[in-house]
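S.K.: Next up is a structure, given as structure tokens.
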Amino acid sequence: MTRVAAGGRIDRNTELAFTFDGKAYRGYAGDTLASALLANGVHQVATSICYGRPRGIMAAGVEDANALVQIETPFPEPMLTATTVELYDGLVARGLQGQGRLADLPDQARYDAMHEHCDVLVVGAGPSGLMSALTAARAGARVVLLDDQPELGGSLLASRNQLAEWVSAVTSELNSLATVRVLRRTTAFGYYDDGFVLALEKRTDHLGAAAPPAAARQRIWRIRARQVILATGAHERPVVFADNDRPGIMLAGAGRAYLNRYGVLGGNRVVVFTTNDSAYTAALDLADAGAAVTVVDARTEIPQHPAAECARRGVALKAGHVVTGTSGNGRVTGAHIAPYADGKAGARQGIGCDLLLVSGGWNPTVHLFSQARGKLRYDESLGAFVPGSSVKAVRVAGSAAGVFTLSGCLSGAADAAVAALQELGLSSAPPALPSLDAEPETTPGLVLWAVPDKGDESGPCRRFVDFQRDSTVADILRATGAGLTSVEHVKRYTTIGTAHDQGKTSGMIASGIMAEALSTDKHQVEVASLGTTTFRPPYASVAFAALAGRDRGEIFDPVRVTEIHPWHLEHGAVFENVGQWKRPRYYPQRSAAGSIEDIDTAVLRECRTTRESVGMMDGSTLGKINVQGSDAGEFLDRLYTNLMSTLKPGFIRYGAMCGMDGMIIDDGTVARVSDTEFVLTTTTGNAAMILDWMEEFAQTEWPELRVNLTSVTEQWVTIALVGPRSRDVLASVAAELDLSNEAFGFMTWRDASVAGIEARICRISFSGELAYELNVNAWDGLALWEALIEAGKPYGITPYGTETMHVLRAEKGYPIIGQDTDGTVTPQDLGMGWVVSKKKLDFIGKRSFSRAENQRPDRKQLVGLLPVDRTVLLDEGAQVLATADLSQLPVPMLGHVTSSYRSAALDGTFALALVRAGRERIGQRLHAWQDGELVSVTVTDPVLYDKEGARRDG
Amino acid sequence: MADPRARRSPLAGWAPQLQALNGAIRAQELPFLTQLNLRLDSGGPAADPVAKVLGVSLPTVPCTSVGSGVYEVLWLGPDEWLILAPAGSAPELMIALREAIGSEHAAVTDVSAQRTTVQLSGPGARELLAKGCAIDLHPAASPEGSCVQTLLAQTGIIIVVRDGTATDFLLLVRSSFAEYFAAWLVDASVELTEPA
Amino acid sequence: MTENVRPLPSGPGADLPEHPKFLWRNPDPKPSYDVVIVGGGGHGLATAYYLAKNHGITNVAVLEKGWLAGGNMARNTTIIRSNYLWDESSGIYEHSLKLWEGLEEDLGYPILFSQRGVLNLAHSLQDVRDSVRRVNANRLNGIDAEWVDPAQVKELCPIVNISPDVRYPVLGATYQPRAGIAKHDYVAWGFARGANEYGIDLIQNCEVTGIDVVGGKVVGLQTTRGRIATGKVALAAAGHSSVLASMVGLSLPIQSHPLQALVSELLEPIHPTVVMSNAVHVYVSQAHKGELVMGAGIDSYNGYGQRGAFHIIERQMSAALELFPVFARAHLLRSWAGIVDTTPDASPIVGLTPIENLYLNCGWGTGGFKATPGVGWCFAHTVAHDQAHPYNAPFTLDRFTTGALVDEHGAAAVAH
Amino acid sequence: MQLIRCPWCGSREEVEFHYGGQAHVSYPENPAELSDAEWARYVFFRANPRGPLAERWVHAAGCRRWFNAVRDTSTHELLAVYRIGEPQPEVAR
Ligand SMILES: Cc1cc2nc3c(=O)[nH]c(=O)nc-3n(C[C@H](O)[C@H](O)[C@H](O)COP(=O)(O)OP(=O)(O)OC[C@H]3O[C@@H](n4cnc5c(N)ncnc54)[C@H](O)[C@@H]3O)c2cc1C
Ligand SMILES: NC(=O)c1ccc[n+]([C@@H]2O[C@H](COP(=O)([O-])OP(=O)(O)OC[C@H]3O[C@@H](n4cnc5c(N)ncnc54)[C@H](O)[C@@H]3O)[C@@H](O)[C@H]2O)c1
Ligand SMILES: Cc1cc2nc3c(=O)[nH]c(=O)nc-3n(C[C@H](O)[C@H](O)[C@H](O)COP(=O)(O)O)c2cc1C
Ligand SMILES: [Zn+2]
């Protein structure tokens with residue numbers, strides 16, 4: 001065990017059992033899977049994807065992209081890094097080789113989302129974030145502070161309790177304020193426009209099987225912030241050298257975090273390889289914990305303070321040296337060190353070690369700033385990119401801004417908050433800074449990307465840049481050698497930065513190595529000009545299920561239903577999705593023996609009953625728009641192809657609308673209620689689109705017209721009562737209404753009481769039969785429906801669905817917009833020239849009719865097709881051919897079958913089709929081709945039933 | 001007249017589930033309210049007569065509502081309001097309004113059944129709505145009387161804020177979306193209500 | 001299924017091929033060229049390659065404002081298919097697919113063309129009608145296409161949820177076995193390397209800022225790397241086509257929109273084909289390394305920002321999980337956006353312009369990757385002969401005036 | 001995801017709005033008098049600049065009012081919003 005006897009922030013009273021790669025271990029509450037594995041002496045966690053090399057834990061946070069694990073219990077989850085998995089009792093995990101496994105089990109966990117609004121959002125709760133949040137909170141602002149860790153404190157958690165009291169005081173103050181929301185275990189992963197920050201909160205993962213099942217496991221926070229302070233800290237950057245990927249090699253800060261935060265001493269014989277001052281803290285802390293430490297510093301001059309501290313502890317110092325390679329079989333057993341001067345490494349010498357800590361400096365965590373469209377600036381002395389421009393309402397504080405002293409972080413963070421508050425018009429008195437021990441003067445680090453290597457790059461020694469992708473310095477050199485000069489090309493050629501890392505540790509180094517590789521004696525290529533690859537959301541990976549949230553299953557998408565829906569359900573309707581609506585498609589009957597009618601039988605029965613007696617349909621899904629105003633008629637004239645202003649109150653007219661391009665977009669009926677009021681219907685699927693379309697013209701093109709539009713789709717339940725006996729049925733429930741043709745003619749409407757319910761009755765027909773469309777206040781819809789069913793019983797009334805409606809209308813040659821048309825069809829193509837007004841000077845789409853293409857005689861036109869063998873049902877979508885000769889591909893096609901049914905009334909199958917010059921071909925024999933089969937068909941007029949229209953008056 | 005008991009409100013089937021919510025969330029359908037859509041120039045000559053009928057001036061501040069005790073008038077747009085009135089008052093109120101308007105350019109439309117109304121209250125109400133609605137319903141941002149038309153998850157919704165502590169809301173949702181809305185609401189309240 | 005199916009990498013290590021040792025030179029622009037191609041995306045590079053290969057024209061430069069193939073070529077979900085509805089479309093896309101089938105050999109570059117089949121799911125009765133119509137049309141046009149029922153969908157892609165109880169059940173699908181995916185970057189680099197070998201200059205970081213027209217004829221270009229004289233200019237700038245065309249006062253019926261895509265981390269092989277569902281805006285495949293590559297819906301407004309809105313991705317995910325419940329715990333690793341150039345009829349514009357010696361290729365919108373070799377071939381022909389190739393002849397700019405549109409919306413709501 | 005300022009309701013989420021394309025393209029006075037090319041221009045051709053674009057939006061999920069906006073298509077930043085009928089404001093890029 002490498003757990004130190006005391007210290008750290010783990011809860012030693014709460015032991016947790018877990019299994020890794022089939023072996024049982026124990027850890028403590030407060031551990032991550034990574035720290036618990038290290039505490040158990042497990043350094044090798046994963047295997048590398050291409051080369052199968054053992055891989056360990058490289059960092060202590062989200063920037064680790066090496067220790068890839070698959071969680072198995074409580075639910076399989078692929079490709080997490082051990083450093084981001086909080087330990088829980090019963091955790092079962094295993095190491096991965098580069099690819100995770102999705103489990104084919106339903107994920108029962110809940111996920112949800114929450115909108116949040118604040119004046120100031122602070123991302124990161126290190127000293128900087130805490131200071132910013134405190135400043136803003138004390139000024140009374142609504143503050144959200146979030147941090148991906150379970151505890152606030154940021155990098156202070158990795159220290160020896162530095163400012164611990166201050167952190168806990170600030171934490172409790174923030175927690176106590178109603179205006180502040182503190183979110184732990186929450187990662188801001190996307191910065192979108194206008195202060196929109198997406199964050200993922202892991203709410204129950206750390207509880208394992210003890211997670212309450214009702215609680216959302218993860219939650220997406222959609223935060224709208226007026227001001228944002230990014231206090232996201234910095235990621236330590238490694239230096240690349242040969243065999244730098246062995247387990248037991250990690251970032252210096254990580255080694256320190258494991259010791260101070262988790263009470264784990266990663267090794268007893270430690271080499272710390274650094275290019276800067278920061279790693280000395282790690283060296284000193286580990287030495288104090290009892291490790292034998294050697295510091296290898298690439299710089300020839302070691303600053304006084306760390307040198308003295310090392311000396312005090314007997315820490316060996318190798319100034320002007322670098323690590324050139326390592327040895328070990330699995331975990332590292334030795335470091336090769338060599339003198340380093342003028343960019344060259346000298347003769348190497350081995351030092352035994354079981355832990356090799358590395359620091360090449362720090363990269364400010366600028367991902368979110370960059371996503372917010374902040375420009376970055378290369379800082380030569382840091383060897384890293386820092387925020388280089390200002391972005392509206394965004395401030396970067398602390399190490400994320402390239403500030404690395406604690407006092408600098410604290411005061412800068414307070415300033416950032418004050419500035420943000422000022423923008424909000426809030427005055428503030430920044431809180432007093434906590435008192436700090438004097439910080440030693442830091443000396444600039446040496447910017448060193450990769451230790452030069454004399455070895456054979458393609459051999460077993462590899463200098464890894466992106467561990468997860470197994471990409472090396474050699475890969476970069478190969479890329480630049482191939483002529484690539486852009487970091488983006490090198491990324492794609494080498495795949496560096498395309499795994500979990502997303503460039504956090506590898507990106508800067510890759511740019512640096514590239515710059516060196518591309519530089520020649522004559523031409524120096526600057527890192528600054530190469531830049532970095534683009535930072536994109538998410539900052540850290542997010543489960544698909546979390547993004548889907550609760551929009552799944554039953555509430556994935558609204559199911560729209562009419563008021564009669566419960567009846568449809570009760571009576572065994574089979575439904576069809578029409579847009580978001582559920583519409584009955586047909587009502588199969590159950591025989592006494594319990595067998596259920598198939599669709600063909602049911603539809604034939606529904607059709608026959610309706611044509612011979614009476615049927616009824618729930619038509620409530622039709623779009624309905626109320627149009628009022630003295631210019632309503634004029635307005636409709638401009639939109640419909642036919643005249644509406646001449647319609648008299650009490651009358652109804654069929655109307656069609658075209659798009660600007662002259663193609664038919666919708667049709668329906670228009671009823672005139674009064675001089676200044678119309679009610680029109682649209683097809684079910686187009687209701688919203690047509691209202692929008694009309695509003696757009698009303699508001700933007702013709703604001704001078706006095707017209708108002710109101711959707712009344714759901715105000716009315718609409719029931720079609722159809723068939724020769726419909727009059728009888730209606731008469732039995734609307735005794736006061738004179739239903740004679742003379743008193744109540746076709747295409748007129750009347751208000752009357754039907755079964756005691758106020759109804760508007762329209763005499764319109766989509767079937768060719770005598771028919772009434774009854775509209776009632778939706779609340780009364782079900783009652784009316786039931787009353788009509790009751791009243792229809794003597795006539796054997798049948799409810800029917802969309803399928804029967806389609807058959808009935810197709811027998812009459814009535815097209816369905818969207819089925820018999822596809823956006824390339826004009827009213828004339830449909831044989832509906834009669835609906836296009838010749839009188840009107842203009843209406844939407846009219847001008848397009850005279851374009852060359854619209855004048856062609858061989859346009860596709862709607863016709864009927866009768867299979868020669870009337871038992872053969874054509875496929876909707878069958879292609880219509882003039883020839884039966886298929887030997888030569890492509891075969892010219894004349895058009896296609898748009899609707900096809902079996903008909904009781906026509907005693908056989910029939911179809912509608914769009915056929916090139918179709919009307920000229922009436923009477924001709926053509927062929928329909930469907931799935932390899934040729935069917936002979938005769939072209940007919942599209943109206944196949946009751947051509948004279950004798951039936952509509954009953 | 002039809003038997004009023006035969007009427008069916010869009011959320012009739014959900015009453016038990018809504019009733020079962022408890023603790024931080026309470027939800028109840030207020031069915032069959034009269035709702036009239038009014039389009040009018042609020043600066044025109046008909047505004048005053050209309051105000052007389054309603055007992056209150058049409059609110060002209062966007063996204064607000066006013067109540068007169070009997071009526072509640074919701075701002076829907078610069079020339080559009082939704083008038084909530086007691087159940088059954090639609091015919092008389094329509095006539096009164098149309099008379100008040102006279103020949104002015106306006107529109108009054110009965111939309112009582114177009115949307116149903118749900119009262120949502122309780123200390124968890126704001127949090128519940130925040131799960132699907134991007135509007136800031138904090139009392140500081142949405143004081144009593146606020147009235148927003150917006151989206152809640154995948155449905156349009158009108159939210160009327162009825163108190164200053166964000167614990168009482170009137171929600172109006174299109175009837176055909178009502179069942180979806182109820183399913184969403186019940187699902188969203190899982191963490192906010194105690195098991196029954 | 002076809003024999004051509006290249007299995008996904010069986011184990012970790014992902015059998016990514018070695019790249020050739022050398023790709024292209026980085027020359028400075030010469031003062032003049034016979035042909036300058038503006039836009040170093042897939043289309044521009046393919047055009048350059050075929051100009052040299054098919055027409056012997058090699059005094060050519062490709063000007064790219066950023067890094068080569070860094071536009072939509074770097075961002076697309078790499079779906080390749082030819083099962084479009086209309087004869088005009090199937091002509092050019094099938095020509096392209098045939099070229100894809102020999103491209104690896106032709107370019108000598110491992111482009112990972114994988115004919116794993118594409119399923120376009122149908123979720124409504126109208127989807128079914130449209131799909132059957134398209135399948136029938138395809139087959140009569142000599143294109144492999146099948147209508148498959150839900151059980152067959154499940155056989156082809158076992159992870160698709162074909163339960164009838166979901167919100168929008170799978171009612172069937174069209175299936176094109178020869179369709180598939182390829183590695184986008186490698187395709188571009190293959191063409192670039194080929195063009196480079198013919199001596200064509202590929203010039204990066206060279207933005208065209210003006211087009212010189214004298215007497216109705218294009219004579220040269222202003223660029224951020226100086227003026228370049230040229231006999232002919234071929235525009236292949238995808239999302240930026242309007243910006244370039246406006247330099248000569250030419251307006252185009254094009255709107256540029258953000259279109260987003262995303263990937264997961266690497267996963268063991270789980271998704272053997274390509275599934276597209278226009279109704280719920282999902283299209284997904286598993287790339288060779290193992291990441292799930294998924295496209296999102298188009299953002300509604302014009303945008304050149306190469307970034308989209310997040311709600312589109314959230315919505316996309318719920319739709320994806322309805323279809324593929326197994327994806328629940330896959331992770332979003334990266335998302336991005338491209339700028340797609342959409343036309344009113346969802347078909348491209350390829351051909352001559354009213355300005356002499358100026359040629360136009362644009363309007364491929366959300367679906368031009370699959371056309372890369374085909375359009376390169378045809379566009380090169382158009383430029384070389386000052387006349388459209390029969391395959392691109394229907395795709396004139398003029399069709400918006402005559403009304404002879406090639407409306408592919410029906411077959412391609414998001415037309416990959 | 002951006003905030004869009006409805007001239008009436010104030011800033012709301014982008015999802016509440018529908019995009020209506022280029023603004024200030026009015027329906028021709030007399031379409032019959034236009035040539036095919038002129039008509040095609042009206043029907044199919046819209047400005048598509050990289051930079052400020054005057055465009056139409058409708059607050060679809062809110063007050064249902066159409067309005068105009070100037071937005072920089074390269075940054076997506078909304079530079080101005082104004083009501084239908086108001087002149088296009090000058091905007092500083
Ligand atoms: C997210 C997404 C998914 C997609 N999925 C698919 C799919 O699955 N299948 C499919 O077939 N298609 C798909 N597409 C579409 C496909 O990517 C494009 O249609 C196709 O890549 C366009 O051709 P291109 O490769 O030449 O364009 P680009 O690669 O965009 O090339 C145009 C080039 O022109 C350059 N340029 C612009 N202006 C100038 C200037 N002034 N001077 C110099 N250079 C300039 C640009 O920098 C760019 O590199 C998708 C697109 C996106 C964005
Ligand atoms: N000596 C050195 O060179 C050196 C180097 C680095 C840091 N430091 C010290 O580290 C401290 C830096 O303080 P700080 O507050 O600026 O940073 P910090 O590292 O202490 O805190 C940043 C916090 O933000 C969290 N975070 C980052 N991105 C996040 C995201 N997207 N979502 C949620 N949480 C996120 C991190 O997990 C961390 O908890 C100072 O004390 C400084 O002296 C010193
Ligand atoms: C088919 C395909 C697969 C990709 N796979 C990955 C991947 O595995 N990891 C990754 O980080 N990015 C991947 N990308 C995305 C690129 O990293 C990058 O986001 C994209 O090319 C757009 O460029 P930009 O983000 O630099 O603007 C992939 C892109 C495509 C088109
Ligand atoms: Zn509004």
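By convention in this document, the chains of the structure tokens carry letters A, B, ... by their order, each chain's residues are numbered from 1, and ligands are numbered from 1 in the order they are shown.
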Could you pull out the helix (DSSP H, G or I) residues of chain B, going by DSSP on the backbone, and write them as a VMD selection string?
M.R.: chain B and resid 4 to 6 12 to 20 47 to 54 90 to 101 125 to 130 175 to 188
S.K.: Give me, as a tab-separated table, each residue of chain B that comes within 12 Å of chain D, together with its shortest interatomic pair and the distance in Å at one decimal, counting only C-alpha atoms, with rows ordered by chain and rising residue number.
M.R.:
```
residue	atom	partner	partner_atom	distance
B:Thr60	CA	D:Trp8	CA	10.3
B:Val61	CA	D:Trp8	CA	8.8
B:Pro62	CA	D:Cys9	CA	5.8
B:Cys63	CA	D:Cys9	CA	6.3
B:Thr64	CA	D:Cys9	CA	9.9
B:Leu74	CA	D:Cys63	CA	11.4
B:Trp75	CA	D:Cys63	CA	8.8
B:Leu76	CA	D:Cys63	CA	5.5
B:Gly77	CA	D:Cys63	CA	4.7
B:Pro78	CA	D:Trp8	CA	7.3
B:Asp79	CA	D:Cys63	CA	9.6
B:Glu80	CA	D:Cys63	CA	8.4
B:Trp81	CA	D:Cys63	CA	10.0
B:Leu82	CA	D:Cys63	CA	11.7
B:Cys133	CA	D:Glu13	CA	10.0
B:Ala134	CA	D:Glu13	CA	7.1
B:Ile135	CA	D:Arg12	CA	7.7
B:Asp136	CA	D:Arg12	CA	10.1
B:Ser146	CA	D:Cys9	CA	11.3
B:Cys147	CA	D:Cys9	CA	10.3
B:Val148	CA	D:Gly62	CA	7.4
B:Gln149	CA	D:Gly62	CA	4.7
B:Thr150	CA	D:Ala61	CA	5.3
B:Leu151	CA	D:Ala61	CA	6.4
B:Leu152	CA	D:Ala61	CA	10.0
B:Ala153	CA	D:Val15	CA	10.7
B:Gln154	CA	D:Val15	CA	10.4
B:Thr155	CA	D:Ala61	CA	9.0
B:Gly156	CA	D:Ala61	CA	6.2
B:Ile157	CA	D:Ala61	CA	8.2
B:Ile158	CA	D:Gly62	CA	8.7
B:Ile159	CA	D:Gly62	CA	11.0
B:Val173	CA	D:Ala61	CA	11.9
```
S.K.: The selected residues should be written to file as a PDB file, in the first residue's frame (atoms: C-alpha atoms).
M.R.:
```
ATOM      1  CA  THR B  60     -49.957  47.620 -23.036  1.00  0.00           C
ATOM      2  CA  VAL B  61     -46.719  46.722 -21.327  1.00  0.00           C
ATOM      3  CA  PRO B  62     -45.469  43.630 -23.147  1.00  0.00           C
ATOM      4  CA  CYS B  63     -45.565  40.376 -21.258  1.00  0.00           C
ATOM      5  CA  THR B  64     -47.893  41.509 -18.498  1.00  0.00           C
ATOM      6  CA  LEU B  74     -53.203  38.753 -20.839  1.00  0.00           C
ATOM      7  CA  TRP B  75     -50.959  40.664 -23.198  1.00  0.00           C
ATOM      8  CA  LEU B  76     -50.156  38.419 -26.144  1.00  0.00           C
ATOM      9  CA  GLY B  77     -48.864  40.955 -28.596  1.00  0.00           C
ATOM     10  CA  PRO B  78     -48.876  44.680 -29.306  1.00  0.00           C
ATOM     11  CA  ASP B  79     -52.441  44.437 -30.581  1.00  0.00           C
ATOM     12  CA  GLU B  80     -53.468  41.119 -29.131  1.00  0.00           C
ATOM     13  CA  TRP B  81     -54.870  40.018 -25.794  1.00  0.00           C
ATOM     14  CA  LEU B  82     -56.326  36.908 -24.270  1.00  0.00           C
ATOM     15  CA  CYS B 133     -38.618  26.713 -19.838  1.00  0.00           C
ATOM     16  CA  ALA B 134     -35.845  29.169 -20.568  1.00  0.00           C
ATOM     17  CA  ILE B 135     -37.617  32.190 -19.108  1.00  0.00           C
ATOM     18  CA  ASP B 136     -36.192  33.570 -15.898  1.00  0.00           C
ATOM     19  CA  SER B 146     -45.850  38.787 -15.683  1.00  0.00           C
ATOM     20  CA  CYS B 147     -47.290  36.889 -18.575  1.00  0.00           C
ATOM     21  CA  VAL B 148     -45.017  35.208 -21.076  1.00  0.00           C
ATOM     22  CA  GLN B 149     -45.691  33.184 -24.151  1.00  0.00           C
ATOM     23  CA  THR B 150     -42.833  30.839 -24.606  1.00  0.00           C
ATOM     24  CA  LEU B 151     -41.852  27.196 -24.917  1.00  0.00           C
ATOM     25  CA  LEU B 152     -41.987  24.559 -22.257  1.00  0.00           C
ATOM     26  CA  ALA B 153     -40.011  21.587 -23.505  1.00  0.00           C
ATOM     27  CA  GLN B 154     -41.640  20.810 -26.855  1.00  0.00           C
ATOM     28  CA  THR B 155     -44.861  22.733 -26.450  1.00  0.00           C
ATOM     29  CA  GLY B 156     -45.851  26.344 -26.596  1.00  0.00           C
ATOM     30  CA  ILE B 157     -47.153  27.735 -23.333  1.00  0.00           C
ATOM     31  CA  ILE B 158     -48.435  30.887 -21.727  1.00  0.00           C
ATOM     32  CA  ILE B 159     -47.221  31.429 -18.193  1.00  0.00           C
ATOM     33  CA  VAL B 173     -51.359  25.143 -23.142  1.00  0.00           C
TER      34      VAL B 173
END
```
S.K.: Please build the interface table for chain D against chain C with a cut-off of 7 Å, listing for each qualifying residue the nearest atom pair and the distance in Å to one decimal; count only C-alpha atoms, order rows by chain and increasing number, and write it as a tab-separated table.
M.R.:
```
residue	atom	partner	partner_atom	distance
D:Met1	CA	C:Ala309	CA	4.3
D:Tyr19	CA	C:Tyr301	CA	5.9
D:Asp36	CA	C:Thr401	CA	5.7
D:Ala37	CA	C:Thr401	CA	5.2
D:Ala40	CA	C:Thr401	CA	5.0
D:Phe44	CA	C:Pro253	CA	5.5
D:Phe45	CA	C:Pro253	CA	4.3
D:Arg46	CA	C:Pro253	CA	6.4
D:Asn48	CA	C:Gln255	CA	5.7
D:Pro49	CA	C:Val243	CA	6.0
D:Arg50	CA	C:Tyr304	CA	6.3
D:Thr73	CA	C:Gly303	CA	4.6
D:Ser74	CA	C:Tyr304	CA	4.6
D:Thr75	CA	C:Gly305	CA	5.5
D:His76	CA	C:Gly303	CA	6.4
```
S.K.: For A:Phe849, list every protein, DNA or RNA residue within 6 Å, evaluated using only C-alpha atoms, and leave out those in the same chain fewer than 3 positions away; present the list as a CSV table (one decimal) with N, CA and C atoms, in the first residue's frame.
M.R.:
```
chain,number,residue,atom,x,y,z
A,662,GLY,N,-45.3,28.9,-57.7
A,662,GLY,CA,-46.5,28.4,-58.4
A,662,GLY,C,-46.8,27.0,-58.1
A,846,LYS,N,-48.9,33.2,-59.1
A,846,LYS,CA,-49.5,33.4,-60.4
A,846,LYS,C,-48.4,33.6,-61.5
A,854,ASN,N,-43.3,25.9,-66.9
A,854,ASN,CA,-44.7,25.7,-66.6
A,854,ASN,C,-45.6,25.6,-67.9
```
S.K.: Please identify the residues whose atoms come within 6 Å of ligand 2, using only C-alpha atoms and all ligand atoms, and report them as a ChimeraX atom specification.
M.R.: /A:123-129,146-149,154-156,186-189,231-234,278,398-400,404-406,409
